[in-house]
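Asks: File name run23.cif; file contents mmCIF, C-alpha atoms and all ligand atoms; full text below.
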```cif
data_final
#
loop_
_atom_site.label_atom_id
_atom_site.label_comp_id
_atom_site.auth_asym_id
_atom_site.auth_seq_id
_atom_site.Cartn_x
_atom_site.Cartn_y
_atom_site.Cartn_z
CA MET A 275 -18.95 -25.93 63.06
CA SER A 276 -21.66 -23.42 63.82
CA GLN A 277 -24.51 -23.15 61.38
CA VAL A 278 -26.56 -19.97 60.95
CA ILE A 279 -30.12 -20.14 59.63
CA ALA A 280 -31.96 -16.86 58.92
CA ILE A 281 -35.71 -16.79 58.33
CA THR A 282 -36.83 -13.87 56.18
CA GLY A 283 -39.78 -12.97 53.96
CA LYS A 284 -42.76 -10.73 53.42
CA GLY A 285 -44.80 -9.56 56.43
CA GLY A 286 -47.22 -12.04 57.92
CA THR A 287 -46.11 -15.02 55.84
CA GLY A 288 -45.16 -17.11 58.89
CA LYS A 289 -41.48 -16.35 59.62
CA THR A 290 -41.99 -16.39 63.36
CA ALA A 291 -44.10 -19.55 63.19
CA LEU A 292 -41.42 -21.36 61.18
CA ALA A 293 -38.65 -20.10 63.49
CA ALA A 294 -40.56 -21.34 66.55
CA LEU A 295 -41.25 -24.72 64.95
CA LEU A 296 -37.62 -25.13 63.94
CA VAL A 297 -36.65 -24.46 67.55
CA ARG A 298 -39.26 -26.98 68.67
CA HIS A 299 -37.68 -29.50 66.29
CA LEU A 300 -34.11 -28.74 67.31
CA ILE A 301 -34.43 -28.94 71.06
CA LYS A 302 -34.62 -32.69 70.69
CA ASN A 303 -31.29 -33.06 68.92
CA ARG A 304 -29.01 -32.03 71.81
CA LYS A 305 -27.02 -29.51 69.87
CA SER A 306 -26.31 -26.12 71.41
CA LEU A 307 -28.75 -23.61 70.05
CA LEU A 308 -28.89 -19.81 69.92
CA VAL A 309 -32.19 -18.22 68.94
CA ILE A 310 -32.21 -14.59 67.83
CA ASP A 311 -35.32 -12.47 67.52
CA ALA A 312 -34.23 -9.77 65.10
CA ASP A 313 -37.71 -8.29 64.70
CA ALA A 314 -38.36 -5.07 66.62
CA ASP A 315 -41.88 -6.32 67.13
CA THR A 316 -40.47 -9.19 69.22
CA ASN A 317 -43.02 -11.94 68.64
CA LEU A 318 -40.72 -14.93 68.87
CA PRO A 319 -40.46 -15.17 72.68
CA GLY A 320 -44.27 -15.46 72.83
CA ALA A 321 -44.28 -18.18 70.17
CA LEU A 322 -41.65 -20.02 72.21
CA GLY A 323 -43.37 -19.43 75.54
CA VAL A 324 -40.37 -17.55 76.97
CA THR A 325 -40.07 -14.04 78.36
CA ALA A 326 -37.01 -11.95 77.64
CA GLU A 327 -36.39 -9.07 80.01
CA LYS A 328 -33.85 -7.01 78.11
CA THR A 329 -32.89 -6.36 74.53
CA VAL A 330 -29.74 -5.69 72.57
CA GLY A 331 -31.31 -2.38 71.51
CA GLU A 332 -31.36 -1.23 75.14
CA MET A 333 -27.68 -2.07 75.46
CA LYS A 334 -26.86 -0.14 72.31
CA GLU A 335 -28.78 2.77 73.81
CA PHE A 336 -26.70 2.44 76.97
CA MET A 337 -23.48 2.57 74.93
CA PHE A 338 -24.79 5.54 73.02
CA GLU A 339 -25.43 7.45 76.26
CA GLN A 340 -22.17 6.38 77.91
CA ARG A 341 -19.99 6.86 74.89
CA ASP A 342 -18.59 10.26 75.84
CA LYS A 343 -18.49 9.49 79.56
CA MET A 344 -16.19 6.50 79.26
CA SER A 345 -12.48 7.08 79.61
CA PRO A 346 -10.52 6.80 76.37
CA ASP A 347 -8.79 3.63 77.62
CA THR A 348 -12.06 1.79 78.20
CA ASP A 349 -12.36 -1.21 75.95
CA LYS A 350 -15.82 -0.33 74.66
CA GLU A 351 -16.20 -3.54 72.75
CA ARG A 352 -15.69 -5.53 75.96
CA VAL A 353 -18.20 -3.35 77.80
CA LEU A 354 -20.83 -3.94 75.13
CA GLU A 355 -19.96 -7.62 74.90
CA SER A 356 -20.55 -8.14 78.62
CA LYS A 357 -23.84 -6.26 78.30
CA ILE A 358 -24.91 -8.56 75.46
CA TYR A 359 -24.22 -11.60 77.63
CA GLU A 360 -26.42 -10.04 80.32
CA VAL A 361 -29.24 -9.76 77.79
CA LEU A 362 -29.06 -13.43 76.82
CA THR A 363 -32.02 -15.40 78.20
CA GLU A 364 -30.94 -18.90 79.07
CA THR A 365 -33.51 -21.67 78.86
CA LYS A 366 -33.06 -25.38 79.36
CA HIS A 367 -32.59 -26.12 75.69
CA TYR A 368 -31.38 -22.90 74.09
CA ASP A 369 -30.31 -19.30 74.65
CA LEU A 370 -32.45 -16.47 73.33
CA LEU A 371 -31.25 -13.04 72.25
CA VAL A 372 -33.81 -10.34 71.50
CA MET A 373 -32.54 -7.49 69.35
CA GLY A 374 -35.44 -5.18 70.26
CA ARG A 375 -36.58 -1.90 68.89
CA PRO A 376 -34.69 -0.16 66.13
CA GLU A 377 -32.39 2.66 67.05
CA GLY A 378 -33.53 6.18 67.79
CA ALA A 379 -32.53 9.27 65.87
CA GLY A 380 -28.83 9.31 66.85
CA CYS A 381 -25.99 7.68 64.97
CA TYR A 382 -25.60 4.15 66.17
CA CYS A 383 -22.84 3.23 63.73
CA PHE A 384 -20.41 3.11 66.62
CA ALA A 385 -22.45 0.57 68.59
CA ASN A 386 -23.37 -1.36 65.44
CA ASN A 387 -19.73 -1.63 64.41
CA LEU A 388 -18.83 -3.05 67.81
CA LEU A 389 -21.81 -5.33 67.69
CA ARG A 390 -20.77 -7.01 64.43
CA GLY A 391 -17.65 -8.51 65.96
CA ILE A 392 -19.52 -9.42 69.14
CA MET A 393 -22.26 -11.20 67.21
CA ASP A 394 -19.69 -13.11 65.14
CA ARG A 395 -18.02 -14.36 68.32
CA LEU A 396 -21.28 -15.13 70.11
CA ILE A 397 -22.63 -17.22 67.23
CA LYS A 398 -19.46 -19.30 67.15
CA ASN A 399 -20.26 -20.56 70.66
CA TYR A 400 -23.25 -22.52 69.38
CA ASP A 401 -23.76 -25.40 66.98
CA ILE A 402 -26.84 -23.78 65.45
CA THR A 403 -28.22 -20.23 65.37
CA ILE A 404 -31.78 -19.56 64.23
CA ILE A 405 -32.66 -15.95 63.40
CA ASP A 406 -36.22 -14.70 63.02
CA THR A 407 -36.09 -11.44 61.10
CA ALA A 408 -38.51 -8.58 60.52
CA ALA A 409 -40.35 -8.23 57.25
CA GLY A 410 -38.48 -5.93 54.94
CA LEU A 411 -34.86 -5.87 54.06
CA GLU A 412 -33.51 -3.26 56.43
CA HIS A 413 -31.90 -5.78 58.79
CA LEU A 414 -29.99 -7.20 55.87
CA SER A 415 -28.54 -3.86 54.91
CA ARG A 416 -27.36 -3.16 58.45
CA ARG A 417 -25.37 -6.37 58.21
CA LEU A 418 -25.17 -7.09 61.91
CA ILE A 419 -24.99 -10.75 61.06
CA ARG A 420 -22.74 -11.19 58.10
CA ASP A 421 -22.40 -14.88 57.54
CA VAL A 422 -25.53 -16.88 56.93
CA ASP A 423 -25.32 -20.52 55.96
CA THR A 424 -28.95 -20.93 55.03
CA MET A 425 -31.45 -18.20 54.34
CA VAL A 426 -35.03 -19.42 54.26
CA VAL A 427 -37.46 -17.00 52.68
CA VAL A 428 -40.99 -17.75 53.77
CA THR A 429 -43.78 -17.06 51.34
CA ASP A 430 -47.50 -17.53 51.38
CA GLY A 431 -49.60 -18.21 48.31
CA SER A 432 -49.39 -14.63 47.08
CA ARG A 433 -47.32 -13.62 44.12
CA ARG A 434 -45.98 -10.74 46.24
CA GLY A 435 -44.60 -13.22 48.73
CA LEU A 436 -42.45 -14.78 46.04
CA GLN A 437 -41.51 -11.43 44.56
CA THR A 438 -40.21 -10.46 48.00
CA ALA A 439 -38.15 -13.64 47.96
CA GLU A 440 -36.70 -12.62 44.62
CA ARG A 441 -35.88 -9.14 45.94
CA ILE A 442 -34.21 -10.59 49.03
CA ARG A 443 -32.06 -12.82 46.84
CA ASP A 444 -31.04 -9.88 44.66
CA LEU A 445 -30.31 -7.64 47.63
CA ALA A 446 -28.22 -10.31 49.35
CA GLY A 447 -26.15 -10.43 46.16
CA LYS A 448 -25.82 -6.63 45.93
CA LEU A 449 -24.78 -6.25 49.57
CA SER A 450 -22.28 -9.05 49.13
CA LEU A 451 -23.73 -10.79 52.14
CA ASN A 452 -22.16 -14.09 52.73
CA VAL A 453 -25.26 -16.25 52.26
CA LYS A 454 -24.25 -19.77 51.31
CA ARG A 455 -27.66 -21.18 50.41
CA MET A 456 -31.05 -19.66 49.88
CA TYR A 457 -34.36 -21.49 49.80
CA VAL A 458 -38.00 -20.61 49.70
CA ALA A 459 -40.42 -22.26 52.13
CA ALA A 460 -44.06 -21.98 51.18
CA ASN A 461 -46.41 -21.59 54.13
CA LYS A 462 -50.18 -21.70 54.64
CA VAL A 463 -50.32 -23.95 51.60
CA THR A 464 -53.72 -25.27 50.54
CA ASP A 465 -54.83 -27.58 47.76
CA GLU A 466 -55.89 -24.47 45.85
CA ASN A 467 -52.56 -22.63 45.91
CA ARG A 468 -50.05 -25.51 46.01
CA GLU A 469 -49.44 -25.79 42.27
CA THR A 470 -49.41 -22.03 41.70
CA ILE A 471 -46.71 -21.57 44.34
CA LYS A 472 -44.61 -24.29 42.74
CA ARG A 473 -45.00 -22.70 39.33
CA TYR A 474 -44.15 -19.17 40.55
CA ALA A 475 -41.11 -20.46 42.41
CA ALA A 476 -39.88 -22.27 39.30
CA GLU A 477 -40.46 -19.16 37.14
CA LEU A 478 -38.40 -17.09 39.56
CA LYS A 479 -35.77 -19.83 39.76
CA LEU A 480 -36.14 -20.13 43.51
CA GLU A 481 -35.59 -23.48 45.14
CA LEU A 482 -38.62 -24.58 47.11
CA ILE A 483 -37.50 -26.40 50.24
CA GLY A 484 -40.90 -27.29 51.62
CA ALA A 485 -44.59 -26.53 51.67
CA ILE A 486 -46.09 -26.07 55.11
CA PRO A 487 -49.83 -26.64 54.98
CA PHE A 488 -52.34 -24.18 56.34
CA ASP A 489 -52.66 -25.54 59.87
CA ALA A 490 -55.85 -24.63 61.69
CA GLY A 491 -54.37 -25.84 65.00
CA LEU A 492 -51.43 -23.46 64.63
CA ALA A 493 -53.71 -20.54 63.77
CA ARG A 494 -55.86 -21.33 66.81
CA LEU A 495 -52.90 -21.38 69.22
CA ASP A 496 -51.65 -18.08 67.82
CA MET A 497 -55.09 -16.55 68.19
CA GLU A 498 -55.26 -17.62 71.84
CA GLY A 499 -51.69 -16.49 72.47
CA THR A 500 -50.58 -20.02 73.31
CA PRO A 501 -46.92 -20.76 72.45
CA LEU A 502 -46.62 -22.54 69.10
CA VAL A 503 -44.05 -24.94 70.53
CA GLN A 504 -47.00 -26.64 72.26
CA LEU A 505 -48.28 -28.00 68.94
CA GLY A 506 -48.37 -31.79 68.90
CA ASP A 507 -46.24 -34.08 66.75
CA ASP A 508 -49.27 -34.77 64.58
CA SER A 509 -49.61 -31.11 63.53
CA PRO A 510 -49.15 -30.81 59.74
CA ALA A 511 -46.96 -27.70 60.22
CA VAL A 512 -44.75 -29.52 62.75
CA LYS A 513 -44.34 -32.48 60.39
CA GLU A 514 -43.36 -30.37 57.39
CA THR A 515 -40.96 -28.31 59.54
CA GLY A 516 -39.23 -31.61 60.31
CA VAL A 517 -38.85 -32.25 56.57
CA ILE A 518 -37.48 -28.73 56.01
CA ALA A 519 -35.03 -29.09 58.91
CA LYS A 520 -33.73 -32.30 57.41
CA ARG A 521 -33.27 -30.72 53.99
CA ILE A 522 -31.34 -27.83 55.57
CA GLY A 523 -29.14 -30.43 57.22
CA LEU A 524 -30.22 -29.76 60.80
N1 LIG A 601 -49.03 -22.84 58.59
C1 LIG A 601 -49.91 -21.96 59.08
N2 LIG A 601 -51.22 -22.26 59.14
C2 LIG A 601 -52.13 -21.37 59.61
N3 LIG A 601 -51.84 -20.15 60.04
C3 LIG A 601 -50.54 -19.78 60.02
C4 LIG A 601 -49.50 -20.66 59.54
N4 LIG A 601 -48.31 -20.01 59.66
C5 LIG A 601 -48.59 -18.81 60.18
N5 LIG A 601 -49.91 -18.64 60.39
C6 LIG A 601 -50.60 -17.46 60.91
O1 LIG A 601 -50.25 -16.34 60.12
C7 LIG A 601 -50.06 -15.19 60.91
C8 LIG A 601 -48.66 -14.64 60.69
O2 LIG A 601 -47.71 -15.59 61.17
P1 LIG A 601 -46.32 -15.11 61.76
O3 LIG A 601 -46.51 -14.12 62.83
O4 LIG A 601 -45.53 -16.32 62.03
O5 LIG A 601 -45.77 -14.36 60.46
P2 LIG A 601 -44.49 -13.41 60.35
O6 LIG A 601 -44.00 -13.58 58.95
O7 LIG A 601 -43.54 -13.70 61.44
O8 LIG A 601 -45.16 -11.98 60.53
P3 LIG A 601 -44.38 -10.58 60.74
O9 LIG A 601 -43.94 -10.16 59.38
O10 LIG A 601 -45.42 -9.71 61.33
O11 LIG A 601 -43.22 -10.87 61.66
C9 LIG A 601 -50.31 -15.62 62.34
O12 LIG A 601 -51.62 -15.28 62.69
C10 LIG A 601 -50.13 -17.12 62.31
O13 LIG A 601 -50.93 -17.78 63.26
MG MG A 602 -42.66 -12.38 62.84
#
```
Take the structure in the file and give it back as structure tokens.
Ligand SMILES: Nc1ncnc2c1ncn2[C@@H]1O[C@H](COP(=O)(O)OP(=O)(O)OP(=O)(O)O)[C@@H](O)[C@H]1O
Ligand SMILES: [Mg+2]

Replies:
Amino acid sequence: MSQVIAITGKGGTGKTALAALLVRHLIKNRKSLLVIDADADTNLPGALGVTAEKTVGEMKEFMFEQRDKMSPDTDKERVLESKIYEVLTETKHYDLLVMGRPEGAGCYCFANNLLRGIMDRLIKNYDITIIDTAAGLEHLSRRLIRDVDTMVVVTDGSRRGLQTAERIRDLAGKLSLNVKRMYVAANKVTDENRETIKRYAAELKLELIGAIPFDAGLARLDMEGTPLVQLGDDSPAVKETGVIAKRIGL
């Protein structure tokens, strides 16, 4: 059974950091893993210490340009599917797919419609898929990935972070996305904000799955541009990510 975990939340709360640390955790458990960077800003490869040459966005662009040039009998879905496999960056422990920049001005519904089926099939090839998303809810409404087992909404100590979590939950309901479970993970937690976050989460009836401490070592690596996967086992953020992974059932 393949399991899809999507990391969402307000900008700058630590989605990419949590995604990278979950990958760091999972590469030890020998399951096949697909990692998707669904943020146009594409920060996840850097956090993982991997470079990705091409993006899904470029392949959609290619389909957009070729659309009228292809003969009517061309199986366009197969063409795009083979392009998507070209884009996949294979590493020793996982495959990485970078979605890339958002579409230009044209109508990409055609490519997006093809892509939905392709993504469904691709994800089924792996035991676990981890998706790092962009802040904001736009990626949800495009519904390129329809079935999510666990959505983790990352929040920091701000009330707005939790309000975003509430909005994401409501939107997922409105769009009839197939999200089986939704949790909130608090990040950059300090002794000062720990209780407030717990209280806010309870008020909003959001299930708190973990509280990742503010981790000066993590912040330092990010500042230097060193991949976060290089954090040691003693890092507080690494330890709490292990707890979160266990609660998700990874
Ligand atoms: N637990 C933590 N302790 C200290 N700093 C952290 C922690 N988690 C994240 N940060 C820092 O917070 C900043 C934002 O983190 P990150 O890029 O992971 O957030 P994001 O939600 O992915 O942002 P965006 O919305 O831009 O994609 C980074 O500078 C990162 O180093
Ligand atoms: Mg990010």

Asks: List as a list in words the protein and nucleic acid residues lying within 8 Å of ligand MG 602 (chain A), with only C-alpha atoms and all ligand atoms counted.

Replies: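 My answer, listing the contacting residues, is Gly285, Gly286, Gly288, Lys289, Thr290, Ala291, Asp313, Asp315, Thr316, Asn317, Leu318, Asp406, Thr407, Ala408 and Ala409 of chain A.
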
Asks: Sorted by chain and rising residue number, list the residues of chain A at most 10 Å from ligand LIG 601 (chain A) (counting only C-alpha atoms and all ligand atoms), each with its closest atom pair and distance in Å to one decimal, as a tab-separated table.

Replies:
```
residue	atom	partner	partner_atom	distance
A:Ile281	CA	A:LIG601	O6	8.9
A:Thr282	CA	A:LIG601	O6	7.7
A:Gly283	CA	A:LIG601	O6	6.6
A:Lys284	CA	A:LIG601	O9	6.1
A:Gly285	CA	A:LIG601	O9	3.1
A:Gly286	CA	A:LIG601	O8	3.3
A:Thr287	CA	A:LIG601	O6	4.0
A:Gly288	CA	A:LIG601	O5	3.2
A:Lys289	CA	A:LIG601	O6	3.8
A:Thr290	CA	A:LIG601	O7	3.7
A:Ala291	CA	A:LIG601	O4	3.7
A:Leu292	CA	A:LIG601	O4	6.6
A:Ala293	CA	A:LIG601	O4	8.0
A:Ala294	CA	A:LIG601	O4	8.4
A:Leu295	CA	A:LIG601	O4	9.9
A:Asp311	CA	A:LIG601	O11	10.0
A:Ala312	CA	A:LIG601	O11	9.7
A:Asp313	CA	A:LIG601	O11	6.8
A:Ala314	CA	A:LIG601	O11	9.0
A:Asp315	CA	A:LIG601	O11	7.2
A:Thr316	CA	A:LIG601	O11	8.2
A:Asn317	CA	A:LIG601	O11	7.1
A:Leu318	CA	A:LIG601	O7	8.0
A:Ala321	CA	A:LIG601	O4	8.4
A:Asp406	CA	A:LIG601	O7	7.6
A:Thr407	CA	A:LIG601	O11	7.2
A:Ala408	CA	A:LIG601	O11	5.4
A:Ala409	CA	A:LIG601	O9	4.6
A:Gly410	CA	A:LIG601	O9	8.2
A:Val427	CA	A:LIG601	O6	9.7
A:Val428	CA	A:LIG601	O6	7.3
A:Thr429	CA	A:LIG601	O6	8.4
A:Asp430	CA	A:LIG601	N4	8.7
A:Ala460	CA	A:LIG601	N1	9.0
A:Asn461	CA	A:LIG601	N1	5.3
A:Lys462	CA	A:LIG601	N1	4.3
A:Val463	CA	A:LIG601	N1	7.2
A:Thr464	CA	A:LIG601	N2	9.4
A:Ala485	CA	A:LIG601	N1	9.0
A:Ile486	CA	A:LIG601	N1	5.6
A:Pro487	CA	A:LIG601	N1	5.3
A:Phe488	CA	A:LIG601	N2	3.6
A:Asp489	CA	A:LIG601	N2	3.7
A:Ala490	CA	A:LIG601	C2	5.4
A:Gly491	CA	A:LIG601	C2	7.4
A:Leu492	CA	A:LIG601	C2	5.5
A:Ala493	CA	A:LIG601	O13	4.0
A:Arg494	CA	A:LIG601	O13	7.0
A:Leu495	CA	A:LIG601	O13	7.2
A:Asp496	CA	A:LIG601	O13	4.6
A:Met497	CA	A:LIG601	O13	6.6
A:Glu498	CA	A:LIG601	O13	9.6
A:Gly499	CA	A:LIG601	O13	9.3
A:Leu502	CA	A:LIG601	O13	8.7
A:Ser509	CA	A:LIG601	N1	9.7
A:Pro510	CA	A:LIG601	N1	8.1
A:Ala511	CA	A:LIG601	N1	5.5
A:Val512	CA	A:LIG601	N1	9.0
A:Glu514	CA	A:LIG601	N1	9.5
A:Thr515	CA	A:LIG601	N1	9.8
```

Asks: For segment 367-375 of chain A, work out the shell of residues within 6 Å, counting only C-alpha atoms and skipping chain neighbours fewer than 5 positions away, then give it as a ChimeraX atom specification.

Replies: /A:301,307-312,314,329-331,362

Asks: Grab the atom CA of Arg468 of chain A to atom CA of Asp507 of chain A distance for me, in Å with one decimal place.

Replies: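 Calculated distance between atom CA of Arg468 of chain A and atom CA of Asp507 of chain A is 22.8 Å.
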
Asks: For a cutoff of 10 Å around the file-coordinate point (-27.0, -17.1, 58.3), which residues qualify once you count all atoms listed in the file? I'd like the result as JSON, numbers by chain.

Replies: {"A": [276, 277, 278, 279, 280, 281, 397, 402, 403, 404, 405, 419, 420, 421, 422, 423, 424, 425, 426, 451, 452, 453, 454, 455, 456]}

Asks: Mind giving me the straight-line distance from atom CA of Gly435 of chain A to atom CA of Leu478 of chain A in Å, one decimal?

Replies: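 So the two atoms, atom CA of Gly435 of chain A and atom CA of Leu478 of chain A, lie 11.7 Å apart.
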
Asks: Within 10 Å of (-30.2, -0.3, 71.8) (file coordinates; only C-alpha atoms), which protein or nucleic acid residues are there? I'd like them as number ranges by chain.

Replies: A: 328-338, 373-378, 382, 385-386

Asks: The selected residues should be written to file as a PDB file, keeping the file's coordinate frame (atoms: C-alpha atoms).

Replies:
```
ATOM      1  CA  LYS A 328     -33.850  -7.010  78.110  1.00  0.00           C
ATOM      2  CA  THR A 329     -32.890  -6.360  74.530  1.00  0.00           C
ATOM      3  CA  VAL A 330     -29.740  -5.690  72.570  1.00  0.00           C
ATOM      4  CA  GLY A 331     -31.310  -2.380  71.510  1.00  0.00           C
ATOM      5  CA  GLU A 332     -31.360  -1.230  75.140  1.00  0.00           C
ATOM      6  CA  MET A 333     -27.680  -2.070  75.460  1.00  0.00           C
ATOM      7  CA  LYS A 334     -26.860  -0.140  72.310  1.00  0.00           C
ATOM      8  CA  GLU A 335     -28.780   2.770  73.810  1.00  0.00           C
ATOM      9  CA  PHE A 336     -26.700   2.440  76.970  1.00  0.00           C
ATOM     10  CA  MET A 337     -23.480   2.570  74.930  1.00  0.00           C
ATOM     11  CA  PHE A 338     -24.790   5.540  73.020  1.00  0.00           C
ATOM     12  CA  MET A 373     -32.540  -7.490  69.350  1.00  0.00           C
ATOM     13  CA  GLY A 374     -35.440  -5.180  70.260  1.00  0.00           C
ATOM     14  CA  ARG A 375     -36.580  -1.900  68.890  1.00  0.00           C
ATOM     15  CA  PRO A 376     -34.690  -0.160  66.130  1.00  0.00           C
ATOM     16  CA  GLU A 377     -32.390   2.660  67.050  1.00  0.00           C
ATOM     17  CA  GLY A 378     -33.530   6.180  67.790  1.00  0.00           C
ATOM     18  CA  TYR A 382     -25.600   4.150  66.170  1.00  0.00           C
ATOM     19  CA  ALA A 385     -22.450   0.570  68.590  1.00  0.00           C
ATOM     20  CA  ASN A 386     -23.370  -1.360  65.440  1.00  0.00           C
TER      21      ASN A 386
END
```

Asks: Measuring between all atoms listed in the file, which one of A:Asp508, A:Gly431, A:Glu440, A:Gly447 shows the shortest distance to Glu469 of chain A?

Replies: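 The closest residue to Glu469 of chain A is A:Gly431.
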
Asks: Looking at all atoms listed in the file, which of A:Lys343, A:Lys513, A:Arg443, A:Lys305 is the one that sits closest to Tyr400 of chain A?

Replies: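 Of A:Lys343, A:Lys513, A:Arg443, A:Lys305, the one nearest Tyr400 of chain A, counting all atoms listed in the file, is A:Lys305.
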